[in-house]
>>> print(open('upload34.pdb').read())   # PDB, C-alpha atoms
MODEL        1
ATOM      1  CA  MET Y 823      55.744 119.618  39.574
ATOM      2  CA  ASN Y 824      56.232 115.852  39.261
ATOM      3  CA  ILE Y 825      59.991 115.235  39.265
ATOM      4  CA  ARG Y 826      61.262 111.682  38.893
ATOM      5  CA  ILE Y 827      64.742 110.780  40.138
ATOM      6  CA  ARG Y 828      66.318 107.824  38.364
ATOM      7  CA  ASN Y 829      69.670 106.348  37.446
ATOM      8  CA  PHE Y 830      71.591 107.953  34.593
ATOM      9  CA  LYS Y 831      71.473 106.186  31.212
ATOM     10  CA  THR Y 832      73.907 106.767  28.354
ATOM     11  CA  ASP Y 833      71.053 108.391  26.377
ATOM     12  CA  ASP Y 834      71.089 111.180  29.012
ATOM     13  CA  PHE Y 835      74.698 112.130  28.296
ATOM     14  CA  GLU Y 836      73.961 115.052  25.947
ATOM     15  CA  ASP Y 837      71.472 116.613  28.387
ATOM     16  CA  VAL Y 838      73.850 116.187  31.334
ATOM     17  CA  LEU Y 839      76.669 117.846  29.376
ATOM     18  CA  PHE Y 840      74.389 120.761  28.478
ATOM     19  CA  ILE Y 841      73.428 121.281  32.131
ATOM     20  CA  GLU Y 842      77.044 120.875  33.231
ATOM     21  CA  SER Y 843      78.343 123.447  30.717
ATOM     22  CA  GLU Y 844      75.529 125.846  31.652
ATOM     23  CA  SER Y 845      76.360 125.506  35.356
ATOM     24  CA  PHE Y 846      80.136 125.296  35.631
ATOM     25  CA  ALA Y 847      83.036 127.312  34.238
ATOM     26  CA  GLU Y 848      85.313 124.270  34.374
ATOM     27  CA  HIS Y 849      84.028 121.783  31.827
ATOM     28  CA  ASN Y 850      85.164 118.133  31.613
ATOM     29  CA  PRO Y 851      82.722 115.926  29.677
ATOM     30  CA  PHE Y 852      84.916 112.834  29.939
ATOM     31  CA  ALA Y 853      84.716 112.887  33.735
ATOM     32  CA  TYR Y 854      80.993 112.130  33.584
ATOM     33  CA  MET Y 855      81.374 109.035  31.441
ATOM     34  CA  HIS Y 856      84.160 107.870  33.733
ATOM     35  CA  PHE Y 857      81.912 108.308  36.788
ATOM     36  CA  TYR Y 858      79.100 106.471  35.037
ATOM     37  CA  GLU Y 859      81.388 103.547  34.248
ATOM     38  CA  MET Y 860      82.914 103.416  37.737
ATOM     39  CA  HIS Y 861      80.004 104.518  39.981
ATOM     40  CA  GLY Y 862      76.833 103.998  37.939
ATOM     41  CA  GLU Y 863      74.473 103.608  40.900
ATOM     42  CA  MET Y 864      75.627 106.992  42.226
ATOM     43  CA  PHE Y 865      74.915 108.900  38.996
ATOM     44  CA  LEU Y 866      71.313 110.117  39.096
ATOM     45  CA  VAL Y 867      69.188 112.422  36.971
ATOM     46  CA  ALA Y 868      66.043 114.432  37.637
ATOM     47  CA  GLU Y 869      63.434 114.032  34.934
ATOM     48  CA  TYR Y 870      60.394 116.181  34.246
ATOM     49  CA  LEU Y 871      58.069 115.094  31.435
ATOM     50  CA  ASP Y 872      60.839 112.939  29.867
ATOM     51  CA  PHE Y 873      63.169 115.957  29.965
ATOM     52  CA  ILE Y 874      66.382 115.902  32.031
ATOM     53  CA  VAL Y 875      66.365 118.958  34.313
ATOM     54  CA  GLY Y 876      69.197 118.095  36.700
ATOM     55  CA  PHE Y 877      71.773 115.540  37.761
ATOM     56  CA  ILE Y 878      73.984 114.496  40.657
ATOM     57  CA  VAL Y 879      77.129 112.392  40.675
ATOM     58  CA  GLY Y 880      78.702 110.827  43.728
ATOM     59  CA  TYR Y 881      81.260 108.180  44.559
ATOM     60  CA  ARG Y 882      82.650 106.227  47.493
ATOM     61  CA  LEU Y 883      85.595 108.251  48.769
ATOM     62  CA  ASN Y 884      86.661 105.715  51.386
ATOM     63  CA  GLU Y 885      85.219 103.048  53.679
ATOM     64  CA  ASN Y 886      82.874 105.459  55.484
ATOM     65  CA  GLU Y 887      82.414 108.417  53.187
ATOM     66  CA  GLY Y 888      80.555 109.261  50.004
ATOM     67  CA  ARG Y 889      81.588 112.305  48.002
ATOM     68  CA  VAL Y 890      79.225 114.512  46.007
ATOM     69  CA  PHE Y 891      81.230 115.158  42.850
ATOM     70  CA  SER Y 892      78.730 117.313  40.988
ATOM     71  CA  LEU Y 893      75.177 118.613  41.318
ATOM     72  CA  ALA Y 894      73.475 120.854  38.775
ATOM     73  CA  VAL Y 895      69.944 121.857  37.802
ATOM     74  CA  ARG Y 896      68.918 123.632  34.593
ATOM     75  CA  GLU Y 897      68.748 127.327  35.242
ATOM     76  CA  GLU Y 898      65.036 127.646  34.464
ATOM     77  CA  PHE Y 899      64.221 124.843  36.952
ATOM     78  CA  GLN Y 900      66.287 126.112  39.876
ATOM     79  CA  GLY Y 901      64.563 127.056  43.122
ATOM     80  CA  ARG Y 902      61.947 124.291  42.811
ATOM     81  CA  GLY Y 903      63.453 121.732  45.197
ATOM     82  CA  ILE Y 904      65.085 119.593  42.507
ATOM     83  CA  GLY Y 905      68.550 119.924  44.043
ATOM     84  CA  GLU Y 906      67.130 118.756  47.377
ATOM     85  CA  LYS Y 907      65.489 115.730  45.743
ATOM     86  CA  LEU Y 908      68.728 114.795  43.971
ATOM     87  CA  LEU Y 909      70.757 115.113  47.179
ATOM     88  CA  ASP Y 910      68.184 113.094  49.112
ATOM     89  CA  ALA Y 911      68.297 110.317  46.507
ATOM     90  CA  LEU Y 912      72.110 110.219  46.529
ATOM     91  CA  PHE Y 913      72.146 110.140  50.344
ATOM     92  CA  LYS Y 914      69.915 107.061  50.156
ATOM     93  CA  VAL Y 915      72.393 105.375  47.833
ATOM     94  CA  PHE Y 916      75.252 106.305  50.170
ATOM     95  CA  TYR Y 917      73.323 105.067  53.197
ATOM     96  CA  SER Y 918      72.306 101.820  51.510
ATOM     97  CA  ASN Y 919      76.003 101.253  50.778
ATOM     98  CA  LEU Y 920      76.633 101.612  54.530
ATOM     99  CA  LEU Y 921      78.453 104.935  54.195
ATOM    100  CA  LYS Y 922      78.333 107.159  57.278
ATOM    101  CA  TYR Y 923      79.175 110.585  55.847
ATOM    102  CA  ALA Y 924      78.629 112.678  52.743
ATOM    103  CA  THR Y 925      81.169 115.349  51.804
ATOM    104  CA  LEU Y 926      81.467 117.936  49.062
ATOM    105  CA  GLU Y 927      83.259 121.106  48.151
ATOM    106  CA  VAL Y 928      81.616 124.296  47.015
ATOM    107  CA  ARG Y 929      82.944 127.596  45.689
ATOM    108  CA  ALA Y 930      83.161 130.218  48.411
ATOM    109  CA  SER Y 931      81.235 132.619  46.146
ATOM    110  CA  ASN Y 932      78.368 130.205  45.449
ATOM    111  CA  ILE Y 933      76.003 131.434  48.148
ATOM    112  CA  LYS Y 934      72.947 129.737  46.600
ATOM    113  CA  ALA Y 935      74.609 126.291  46.724
ATOM    114  CA  ARG Y 936      76.062 126.882  50.198
ATOM    115  CA  ASN Y 937      72.584 127.741  51.485
ATOM    116  CA  LEU Y 938      71.133 124.587  49.906
ATOM    117  CA  TYR Y 939      73.831 122.414  51.470
ATOM    118  CA  ARG Y 940      73.315 123.979  54.905
ATOM    119  CA  LYS Y 941      69.565 123.431  54.556
ATOM    120  CA  MET Y 942      70.260 119.758  53.795
ATOM    121  CA  GLY Y 943      72.377 119.455  56.940
ATOM    122  CA  PHE Y 944      75.932 119.933  55.693
ATOM    123  CA  ILE Y 945      78.358 121.676  58.023
ATOM    124  CA  PRO Y 946      81.295 123.731  56.694
ATOM    125  CA  CYS Y 947      84.496 122.079  57.942
ATOM    126  CA  TRP Y 948      87.424 123.942  56.394
ATOM    127  CA  ILE Y 949      88.517 126.102  53.479
ATOM    128  CA  GLU Y 950      90.808 124.807  50.738
ATOM    129  CA  LYS Y 951      92.727 127.868  49.578
ATOM    130  CA  GLU Y 952      92.804 128.332  45.787
ATOM    131  CA  TYR Y 953      91.000 125.011  45.284
ATOM    132  CA  TYR Y 954      89.632 125.887  41.845
ATOM    133  CA  SER Y 955      91.729 126.505  38.729
ATOM    134  CA  ASP Y 956      90.775 130.198  38.725
ATOM    135  CA  GLY Y 957      92.201 130.576  42.248
ATOM    136  CA  GLU Y 958      88.889 130.687  44.122
ATOM    137  CA  ASP Y 959      88.713 129.012  47.510
ATOM    138  CA  GLY Y 960      86.606 125.904  48.052
ATOM    139  CA  ILE Y 961      84.666 125.201  51.219
ATOM    140  CA  ILE Y 962      84.638 121.543  52.300
ATOM    141  CA  MET Y 963      81.313 120.550  53.861
ATOM    142  CA  LYS Y 964      80.298 117.330  55.584
ATOM    143  CA  LEU Y 965      77.046 115.629  56.605
ATOM    144  CA  LYS Y 966      76.610 112.736  59.021
ATOM    145  CA  LEU Y 967      74.040 110.544  57.258
ATOM    146  CA  SER Y 968      72.618 109.090  60.491
ATOM    147  CA  LEU Y 969      71.462 112.609  61.421
ATOM    148  CA  TYR Y 970      69.841 113.290  58.047
ATOM    149  CA  LYS Y 971      66.035 113.129  57.859
ATOM    150  CA  PHE Y 972      65.363 111.261  54.628
ATOM    151  CA  GLN Y 973      62.368 112.512  52.634
ATOM    152  CA  SER Y 974      61.200 108.934  52.093
ATOM    153  CA  LEU Y 975      62.815 105.637  52.911
ATOM    154  CA  ASP Y 976      61.098 103.541  50.239
ATOM    155  CA  LEU Y 977      63.948 103.652  47.709
ATOM    156  CA  PHE Y 978      66.421 101.809  49.872
ATOM    157  CA  ALA Y 979      64.387 100.202  52.663
ATOM    158  CA  GLU Y 980      64.415  96.847  50.865
ATOM    159  CA  LYS Y 981      68.223  96.821  50.627
ATOM    160  CA  ILE Y 982      68.578  97.679  54.328
ATOM    161  CA  GLU Y 983      65.936  95.059  55.182
ATOM    162  CA  ASN Y 984      67.874  92.418  53.229
ATOM    163  CA  ILE Y 985      71.062  93.313  55.119
ATOM    164  CA  SER Y 986      69.195  92.996  58.424
ATOM    165  CA  LEU Y 987      67.695  89.657  57.403
ATOM    166  CA  ARG Y 988      71.111  88.367  56.379
ATOM    167  CA  ASP Y 989      72.579  89.404  59.735
ATOM    168  CA  ALA Y 990      69.644  87.843  61.607
ATOM    169  CA  GLU Y 991      70.143  84.516  59.837
ATOM    170  CA  GLY Y 992      73.569  84.200  61.448
ATOM    171  CA  PHE Y 993      72.263  85.147  64.897
ATOM    172  CA  ASP Y 994      72.521  82.407  67.501
ATOM    173  CA  GLU Y 995      70.099  83.115  70.323
ATOM    174  CA  ARG Y 996      71.764  80.538  72.620
ATOM    175  CA  SER Y 997      74.963  82.583  72.830
ATOM    176  CA  PHE Y 998      73.067  85.236  74.826
ATOM    177  CA  SER Y 999      71.123  82.918  77.131
ATOM    178  CA  GLU Y1000      74.100  81.813  79.231
TER
ENDMDL
END
>>> encode(input="upload34.pdb", output="structure tokens")
Amino acid sequence: MNIRIRNFKTDDFEDVLFIESESFAEHNPFAYMHFYEMHGEMFLVAEYLDFIVGFIVGYRLNENEGRVFSLAVREEFQGRGIGEKLLDALFKVFYSNLLKYATLEVRASNIKARNLYRKMGFIPCWIEKEYYSDGEDGIIMKLKLSLYKFQSLDLFAEKIENISLRDAEGFDERSFSE
């Protein structure tokens, strides 16, 4: 299955809302447009044959941390590695923005998602009691990006290379020769 991960476009909005409403009991369509406007490079979709089959939304939580706000895959496409590809792509965006950690929260009852996040390297850190509006607990999970084994570095290698070149331009070799 040839899945393409790309940045969200406004034309994708209807498909994202369908997947979101199919996946989550709590539904807030305006949040997605807000995230697109504020964090466009961290809003990604998975496309199969010009059909949106999943999405992920993240944002910079603080100086060192990126937060996974939402991840969902159409029900009929689940279990095919699409969630992993979306997470991997978002981790690359986080890493290229020099973030050190990725965090998220997941429903305590969502065993399928918890297993995916553990497989991707997330570690459960603590439980937020009654985190969700229905009273269910949320589990906060965290991943140190430097420990993550990226599937492929091609998407952000150029950005990292440009940062390294910029830093090297200011390097004065004489300051270390004394």
>>> residues_around(input="upload34.pdb", residues="Asn829 in chain Y", least_positions_apart="3", cutoff="7 Å", atoms="only C-alpha atoms", output="ChimeraX atom specification")
/Y:863,865-867
>>> write_last_selection(input="upload34.pdb", atoms="C-alpha atoms", output="PDB file, in the frame of the given file")
ATOM      1  CA  GLU Y 863      74.473 103.608  40.900  1.00  0.00           C
ATOM      2  CA  PHE Y 865      74.915 108.900  38.996  1.00  0.00           C
ATOM      3  CA  LEU Y 866      71.313 110.117  39.096  1.00  0.00           C
ATOM      4  CA  VAL Y 867      69.188 112.422  36.971  1.00  0.00           C
TER       5      VAL Y 867
END
>>> residues_around(input="upload34.pdb", residues="Ser845 in chain Y", least_positions_apart="4", cutoff="10 Å", atoms="all atoms listed in the file", output="list in words")
Leu839, Phe840, Ile841, His849, Leu893, Ala894, Val895, Arg896 and Glu897 of chain Y
>>> closest_residue(input="upload34.pdb", among="Y:Gly903, Y:Pro946, Y:Gly862, Y:Gly880", to="Val928 in chain Y", atoms="only C-alpha atoms")
Y:Pro946
>>> resolve_selection(input="upload34.pdb", expression="the PyMOL selection byres ((chain Y and resi 964-970) around 9)", output="PDB file with C-alpha atoms, in the coordinates of the input")
ATOM      1  CA  PHE Y 913      72.146 110.140  50.344  1.00  0.00           C
ATOM      2  CA  LYS Y 914      69.915 107.061  50.156  1.00  0.00           C
ATOM      3  CA  PHE Y 916      75.252 106.305  50.170  1.00  0.00           C
ATOM      4  CA  TYR Y 917      73.323 105.067  53.197  1.00  0.00           C
ATOM      5  CA  LEU Y 921      78.453 104.935  54.195  1.00  0.00           C
ATOM      6  CA  LYS Y 922      78.333 107.159  57.278  1.00  0.00           C
ATOM      7  CA  TYR Y 923      79.175 110.585  55.847  1.00  0.00           C
ATOM      8  CA  ALA Y 924      78.629 112.678  52.743  1.00  0.00           C
ATOM      9  CA  THR Y 925      81.169 115.349  51.804  1.00  0.00           C
ATOM     10  CA  LEU Y 926      81.467 117.936  49.062  1.00  0.00           C
ATOM     11  CA  GLU Y 927      83.259 121.106  48.151  1.00  0.00           C
ATOM     12  CA  MET Y 942      70.260 119.758  53.795  1.00  0.00           C
ATOM     13  CA  GLY Y 943      72.377 119.455  56.940  1.00  0.00           C
ATOM     14  CA  PHE Y 944      75.932 119.933  55.693  1.00  0.00           C
ATOM     15  CA  ILE Y 945      78.358 121.676  58.023  1.00  0.00           C
ATOM     16  CA  PRO Y 946      81.295 123.731  56.694  1.00  0.00           C
ATOM     17  CA  CYS Y 947      84.496 122.079  57.942  1.00  0.00           C
ATOM     18  CA  ILE Y 962      84.638 121.543  52.300  1.00  0.00           C
ATOM     19  CA  MET Y 963      81.313 120.550  53.861  1.00  0.00           C
ATOM     20  CA  LYS Y 971      66.035 113.129  57.859  1.00  0.00           C
ATOM     21  CA  PHE Y 972      65.363 111.261  54.628  1.00  0.00           C
TER      22      PHE Y 972
END
>>> resolve_selection(input="upload34.pdb", expression="the PyMOL selection byres ((chain Y and resi 948-951) around 6)", output="ChimeraX atom specification")
/Y:947,952-953,959-962
>>> resolve_selection(input="upload34.pdb", expression="the PyMOL selection byres ((chain Y and resi 869) around 10)", output="ChimeraX atom specification")
/Y:824-828,866-868,870-877,904
>>> atom_distance(input="upload34.pdb", atom1="CA of Leu909 in chain Y", atom2="CA of Lys934 in chain Y")
14.8 Å
>>> atom_distance(input="upload34.pdb", atom1="CA of Lys907 in chain Y", atom2="CA of Leu938 in chain Y")
11.3 Å
>>> closest_residue(input="upload34.pdb", among="Y:Met860, Y:Arg929, Y:Val838, Y:Asp833", to="Ser955 in chain Y", atoms="all atoms listed in the file")
Y:Arg929
>>> residues_around(input="upload34.pdb", residues="Glu859 in chain Y", least_positions_apart="6", cutoff="12 Å", atoms="only C-alpha atoms", output="number ranges by chain")
Y: 830-832, 852-853, 865, 879, 881
>>> atom_distance(input="upload34.pdb", atom1="CA of Leu912 in chain Y", atom2="CA of Tyr954 in chain Y")
24.0 Å
>>> build_atoms(input="upload34.pdb", residues="range 893-908 of chain Y", atoms="N, CA, C and O atoms", output="CSV table (one decimal), keeping the file's coordinate frame")
chain,number,residue,atom,x,y,z
Y,893,LEU,N,76.6,118.4,41.2
Y,893,LEU,CA,75.2,118.6,41.3
Y,893,LEU,C,74.8,119.8,40.5
Y,893,LEU,O,75.4,120.9,40.7
Y,894,ALA,N,73.9,119.7,39.6
Y,894,ALA,CA,73.5,120.9,38.8
Y,894,ALA,C,72.0,120.7,38.3
Y,894,ALA,O,71.6,119.6,38.1
Y,895,VAL,N,71.3,121.8,38.2
Y,895,VAL,CA,69.9,121.9,37.8
Y,895,VAL,C,69.9,122.9,36.7
Y,895,VAL,O,70.5,124.0,36.8
Y,896,ARG,N,69.1,122.6,35.7
Y,896,ARG,CA,68.9,123.6,34.6
Y,896,ARG,C,68.5,124.9,35.2
Y,896,ARG,O,67.6,125.0,36.1
Y,897,GLU,N,69.0,126.0,34.7
Y,897,GLU,CA,68.7,127.3,35.2
Y,897,GLU,C,67.3,127.6,35.4
Y,897,GLU,O,66.8,128.1,36.4
Y,898,GLU,N,66.5,127.3,34.4
Y,898,GLU,CA,65.0,127.6,34.5
Y,898,GLU,C,64.3,126.8,35.4
Y,898,GLU,O,63.1,127.1,35.7
Y,899,PHE,N,64.9,125.7,36.0
Y,899,PHE,CA,64.2,124.8,37.0
Y,899,PHE,C,64.8,125.0,38.4
Y,899,PHE,O,64.3,124.3,39.3
Y,900,GLN,N,65.7,125.9,38.6
Y,900,GLN,CA,66.3,126.1,39.9
Y,900,GLN,C,65.3,126.7,40.8
Y,900,GLN,O,64.4,127.4,40.4
Y,901,GLY,N,65.5,126.5,42.1
Y,901,GLY,CA,64.6,127.1,43.1
Y,901,GLY,C,63.3,126.3,43.3
Y,901,GLY,O,62.3,126.8,43.9
Y,902,ARG,N,63.2,125.1,42.7
Y,902,ARG,CA,61.9,124.3,42.8
Y,902,ARG,C,62.1,123.0,43.6
Y,902,ARG,O,61.3,122.1,43.5
Y,903,GLY,N,63.2,122.9,44.3
Y,903,GLY,CA,63.5,121.7,45.2
Y,903,GLY,C,64.1,120.5,44.5
Y,903,GLY,O,64.2,119.5,45.1
Y,904,ILE,N,64.5,120.7,43.3
Y,904,ILE,CA,65.1,119.6,42.5
Y,904,ILE,C,66.5,119.2,43.1
Y,904,ILE,O,66.8,118.0,43.2
Y,905,GLY,N,67.3,120.2,43.4
Y,905,GLY,CA,68.6,119.9,44.0
Y,905,GLY,C,68.4,119.1,45.3
Y,905,GLY,O,69.2,118.2,45.6
Y,906,GLU,N,67.4,119.5,46.1
Y,906,GLU,CA,67.1,118.8,47.4
Y,906,GLU,C,66.8,117.3,47.1
Y,906,GLU,O,67.2,116.4,47.8
Y,907,LYS,N,65.9,117.1,46.1
Y,907,LYS,CA,65.5,115.7,45.7
Y,907,LYS,C,66.7,114.9,45.3
Y,907,LYS,O,66.8,113.7,45.6
Y,908,LEU,N,67.6,115.5,44.5
Y,908,LEU,CA,68.7,114.8,44.0
Y,908,LEU,C,69.7,114.4,45.1
Y,908,LEU,O,70.2,113.3,45.2
